[in-house]
Amino acid sequence: MKLGAYRIPAGYGLYADMNAIRSDEELDNLHSLYVDQWDWERTIHPEDRNLDYLKKTVRQIYKILKEIEAQVYDSYPHITPSLSANITFIHSEELLQTYPDLLPRKREKKAAEKFGAIFIIGIGGALSNGEKHDGRAPDYDDWSTQNIDGFSGLNGDIILWNEVLQCAFELSSMGIRVDKTALLRQLDICNCPERAELEFHKALLEDKLPLSIGGGIGQSRLCMFFLKKAHIGEVQASIWPEEQIKICSKNNINLL
């Protein structure tokens, strides 16, 4: 809506320094009550709504991640680079076919460990087993449009392999946003067609809003990954259960 309000042309966009409290978050090494991330959105042309454009944008982000890693190494030589040379693209359906006996999070871990950096495409729609890899709102990312790879979806997650925690490490959720066709289709799939009468939805359906691509990038997660920290509380000040503080302290993890 802000892209439209500011009349931002295709190829340009905006970002927000988002700070929030998620009081019902389940706290662990990766999750805090305090959430900080960069939310970004870029205006695109109708012809940009395709998988190639999505992959191009992901590669641009990954290139910057590699540059950050190099800068950290220059300043702190004991923190050695670990990112793979390139990011690997894999559809959520391909993950299911490769690891049919594993749950989605376990599939992510296997693929992230194998490739180092992955972008999982098509998160939100039902897979061949009738289940979703993960949930997505029907009026946000486009997870239902067929792409040139023969699967559905123009969105996904950037996931890195975290050597410290030996786990898949989600850094960004992003994608090409819905257009009129995808919005109506996804509202129908999710059994909430009444949303079409809401302000944002009506504006999009009436061609009053530009098409866009966007996502969120975790700020503390960036710091945590590049500084090789084991707990998000080492790079941000938050509130933690006493038992978690004690366990971390015993393992020489000092929470801020």
# chains A, B, ... in the order shown; residues from 1 in each chain; ligands from 1
$ residues_around --residues "A:Trp240" --least-positions-apart "3" --cutoff "8 Å" --atoms "only C-alpha atoms" --output "VMD selection string"
chain A and resid 27 244 to 245
$ write_last_selection --atoms "all heavy atoms" --output "short mmCIF file (atom, residue, chain, number, x, y, z; two decimals), in the first residue's frame"
data_model
loop_
_atom_site.label_atom_id
_atom_site.label_comp_id
_atom_site.auth_asym_id
_atom_site.auth_seq_id
_atom_site.Cartn_x
_atom_site.Cartn_y
_atom_site.Cartn_z
N LEU A 27 10.43 -19.70 23.41
CA LEU A 27 11.80 -19.22 23.48
C LEU A 27 12.82 -20.35 23.39
O LEU A 27 12.71 -21.37 24.06
CB LEU A 27 12.01 -18.44 24.78
CG LEU A 27 11.01 -17.31 25.04
CD1 LEU A 27 11.37 -16.58 26.33
CD2 LEU A 27 10.98 -16.33 23.88
N GLN A 244 16.69 -21.07 31.54
CA GLN A 244 17.46 -20.95 30.30
C GLN A 244 18.73 -20.14 30.53
O GLN A 244 19.79 -20.46 29.97
CB GLN A 244 16.59 -20.29 29.22
CG GLN A 244 17.18 -20.43 27.82
CD GLN A 244 16.20 -20.03 26.72
OE1 GLN A 244 16.60 -19.42 25.74
NE2 GLN A 244 14.93 -20.39 26.87
N ILE A 245 18.64 -19.11 31.35
CA ILE A 245 19.81 -18.30 31.68
C ILE A 245 20.87 -19.15 32.38
O ILE A 245 22.07 -19.06 32.07
CB ILE A 245 19.40 -17.11 32.58
CG1 ILE A 245 18.50 -16.14 31.80
CG2 ILE A 245 20.64 -16.37 33.08
CD1 ILE A 245 17.93 -15.01 32.64
#
$ residues_around --residues "A:Arg59" --least-positions-apart "4" --cutoff "12 Å" --atoms "only C-alpha atoms" --output "list in words"
Asp52, Tyr53, Leu54, Lys55, Lys63, Ile64, Leu65, Lys66, Ala85, Asn86, Ile87, Thr88, Phe89, Ala117, Ile118, Phe119 and Ile158 of chain A
$ select_by_dssp --residues "stretch 2-133 of chain A" --states "strand (DSSP E)" --output "PyMOL selection string"
chain A and resi 13-21+34-43+88-91+117-121
$ residues_around --residues "stretch 220-225 of chain A" --least-positions-apart "2" --cutoff "7 Å" --atoms "only C-alpha atoms" --output "list of chain:residue names"
A:Asp36, A:Leu171, A:Gly218, A:Leu227, A:Lys228, A:Lys229, A:Ile232, A:Val235, A:Gln236
$ residues_around --residues "stretch 137-145 of chain A" --least-positions-apart "5" --cutoff "7 Å" --atoms "only C-alpha atoms" --output "list in words"
Gly122, Ile123, Gly124, Gly125, Ser152, Gly153, Leu154, Asn155, Gly175, Ile176, Arg177, Val178, Ala182, Leu183, Gln186, Leu187 and Cys190 of chain A
$ decode --residues "stretch 136-214 of chain A" --atoms "C-alpha atoms" --output "PDB file, in the first residue's frame"
ATOM      1  CA  ARG A 136       1.553 -18.827   4.408  1.00  0.00           C
ATOM      2  CA  ALA A 137      -1.306 -16.341   4.383  1.00  0.00           C
ATOM      3  CA  PRO A 138      -3.493 -16.417   1.236  1.00  0.00           C
ATOM      4  CA  ASP A 139      -3.188 -12.670   0.643  1.00  0.00           C
ATOM      5  CA  TYR A 140       0.577 -12.226   0.952  1.00  0.00           C
ATOM      6  CA  ASP A 141       3.058 -14.311  -1.068  1.00  0.00           C
ATOM      7  CA  ASP A 142       2.030 -15.999  -4.304  1.00  0.00           C
ATOM      8  CA  TRP A 143       2.374 -19.710  -3.542  1.00  0.00           C
ATOM      9  CA  SER A 144      -0.132 -21.005  -6.097  1.00  0.00           C
ATOM     10  CA  THR A 145       0.919 -19.702  -9.539  1.00  0.00           C
ATOM     11  CA  GLN A 146       2.544 -22.361 -11.704  1.00  0.00           C
ATOM     12  CA  ASN A 147       6.191 -21.606 -12.450  1.00  0.00           C
ATOM     13  CA  ILE A 148       8.519 -22.631 -15.275  1.00  0.00           C
ATOM     14  CA  ASP A 149       9.910 -25.537 -13.240  1.00  0.00           C
ATOM     15  CA  GLY A 150       6.528 -27.230 -13.387  1.00  0.00           C
ATOM     16  CA  PHE A 151       5.705 -26.599  -9.729  1.00  0.00           C
ATOM     17  CA  SER A 152       3.578 -23.970  -8.007  1.00  0.00           C
ATOM     18  CA  GLY A 153       4.831 -20.913  -6.177  1.00  0.00           C
ATOM     19  CA  LEU A 154       6.772 -17.693  -6.604  1.00  0.00           C
ATOM     20  CA  ASN A 155       7.948 -17.402  -3.006  1.00  0.00           C
ATOM     21  CA  GLY A 156      10.195 -19.131  -0.503  1.00  0.00           C
ATOM     22  CA  ASP A 157      12.655 -19.067   2.394  1.00  0.00           C
ATOM     23  CA  ILE A 158      16.396 -18.418   2.506  1.00  0.00           C
ATOM     24  CA  ILE A 159      17.891 -21.057   4.807  1.00  0.00           C
ATOM     25  CA  LEU A 160      21.558 -21.377   5.776  1.00  0.00           C
ATOM     26  CA  TRP A 161      23.434 -24.190   7.486  1.00  0.00           C
ATOM     27  CA  ASN A 162      24.391 -23.094  10.987  1.00  0.00           C
ATOM     28  CA  GLU A 163      27.677 -24.789  11.860  1.00  0.00           C
ATOM     29  CA  VAL A 164      27.540 -23.727  15.510  1.00  0.00           C
ATOM     30  CA  LEU A 165      24.118 -25.217  16.225  1.00  0.00           C
ATOM     31  CA  GLN A 166      24.271 -27.854  13.472  1.00  0.00           C
ATOM     32  CA  CYS A 167      20.830 -26.882  12.235  1.00  0.00           C
ATOM     33  CA  ALA A 168      18.933 -25.269   9.375  1.00  0.00           C
ATOM     34  CA  PHE A 169      18.869 -21.531   9.994  1.00  0.00           C
ATOM     35  CA  GLU A 170      16.041 -19.538   8.397  1.00  0.00           C
ATOM     36  CA  LEU A 171      17.206 -16.025   7.605  1.00  0.00           C
ATOM     37  CA  SER A 172      14.480 -14.673   5.348  1.00  0.00           C
ATOM     38  CA  SER A 173      10.950 -15.360   4.182  1.00  0.00           C
ATOM     39  CA  MET A 174      10.160 -13.610   0.909  1.00  0.00           C
ATOM     40  CA  GLY A 175       8.449 -13.781  -2.424  1.00  0.00           C
ATOM     41  CA  ILE A 176       6.578 -12.208  -5.278  1.00  0.00           C
ATOM     42  CA  ARG A 177       3.301 -10.972  -3.853  1.00  0.00           C
ATOM     43  CA  VAL A 178      -0.147 -11.941  -5.088  1.00  0.00           C
ATOM     44  CA  ASP A 179      -1.727 -10.286  -8.093  1.00  0.00           C
ATOM     45  CA  LYS A 180      -5.495 -10.249  -8.685  1.00  0.00           C
ATOM     46  CA  THR A 181      -5.656 -13.773 -10.055  1.00  0.00           C
ATOM     47  CA  ALA A 182      -3.479 -15.323  -7.361  1.00  0.00           C
ATOM     48  CA  LEU A 183      -5.288 -13.446  -4.604  1.00  0.00           C
ATOM     49  CA  LEU A 184      -8.727 -14.709  -5.619  1.00  0.00           C
ATOM     50  CA  ARG A 185      -7.402 -18.233  -6.162  1.00  0.00           C
ATOM     51  CA  GLN A 186      -5.697 -18.384  -2.772  1.00  0.00           C
ATOM     52  CA  LEU A 187      -8.634 -16.870  -0.909  1.00  0.00           C
ATOM     53  CA  ASP A 188     -10.764 -19.599  -2.453  1.00  0.00           C
ATOM     54  CA  ILE A 189      -8.270 -22.354  -1.547  1.00  0.00           C
ATOM     55  CA  CYS A 190      -8.182 -21.120   2.056  1.00  0.00           C
ATOM     56  CA  ASN A 191     -11.973 -20.737   2.250  1.00  0.00           C
ATOM     57  CA  CYS A 192     -11.928 -17.035   3.051  1.00  0.00           C
ATOM     58  CA  PRO A 193     -13.335 -15.286  -0.073  1.00  0.00           C
ATOM     59  CA  GLU A 194     -14.934 -12.640   2.158  1.00  0.00           C
ATOM     60  CA  ARG A 195     -11.507 -11.039   2.581  1.00  0.00           C
ATOM     61  CA  ALA A 196     -11.867  -9.690  -0.958  1.00  0.00           C
ATOM     62  CA  GLU A 197     -14.026  -6.935   0.557  1.00  0.00           C
ATOM     63  CA  LEU A 198     -11.241  -5.672   2.848  1.00  0.00           C
ATOM     64  CA  GLU A 199      -9.452  -2.401   2.047  1.00  0.00           C
ATOM     65  CA  PHE A 200      -6.140  -3.835   0.829  1.00  0.00           C
ATOM     66  CA  HIS A 201      -7.760  -6.626  -1.141  1.00  0.00           C
ATOM     67  CA  LYS A 202     -10.257  -4.341  -2.875  1.00  0.00           C
ATOM     68  CA  ALA A 203      -7.494  -1.907  -3.842  1.00  0.00           C
ATOM     69  CA  LEU A 204      -5.436  -4.713  -5.369  1.00  0.00           C
ATOM     70  CA  LEU A 205      -8.415  -6.156  -7.228  1.00  0.00           C
ATOM     71  CA  GLU A 206      -9.248  -2.708  -8.600  1.00  0.00           C
ATOM     72  CA  ASP A 207      -5.680  -2.163  -9.915  1.00  0.00           C
ATOM     73  CA  LYS A 208      -5.048   0.636  -7.428  1.00  0.00           C
ATOM     74  CA  LEU A 209      -1.886  -0.951  -6.035  1.00  0.00           C
ATOM     75  CA  PRO A 210       1.401  -1.799  -7.787  1.00  0.00           C
ATOM     76  CA  LEU A 211       2.678  -5.355  -8.090  1.00  0.00           C
ATOM     77  CA  SER A 212       5.588  -6.131  -5.822  1.00  0.00           C
ATOM     78  CA  ILE A 213       8.159  -8.493  -4.375  1.00  0.00           C
ATOM     79  CA  GLY A 214       9.250  -8.352  -0.763  1.00  0.00           C
TER      80      GLY A 214
END
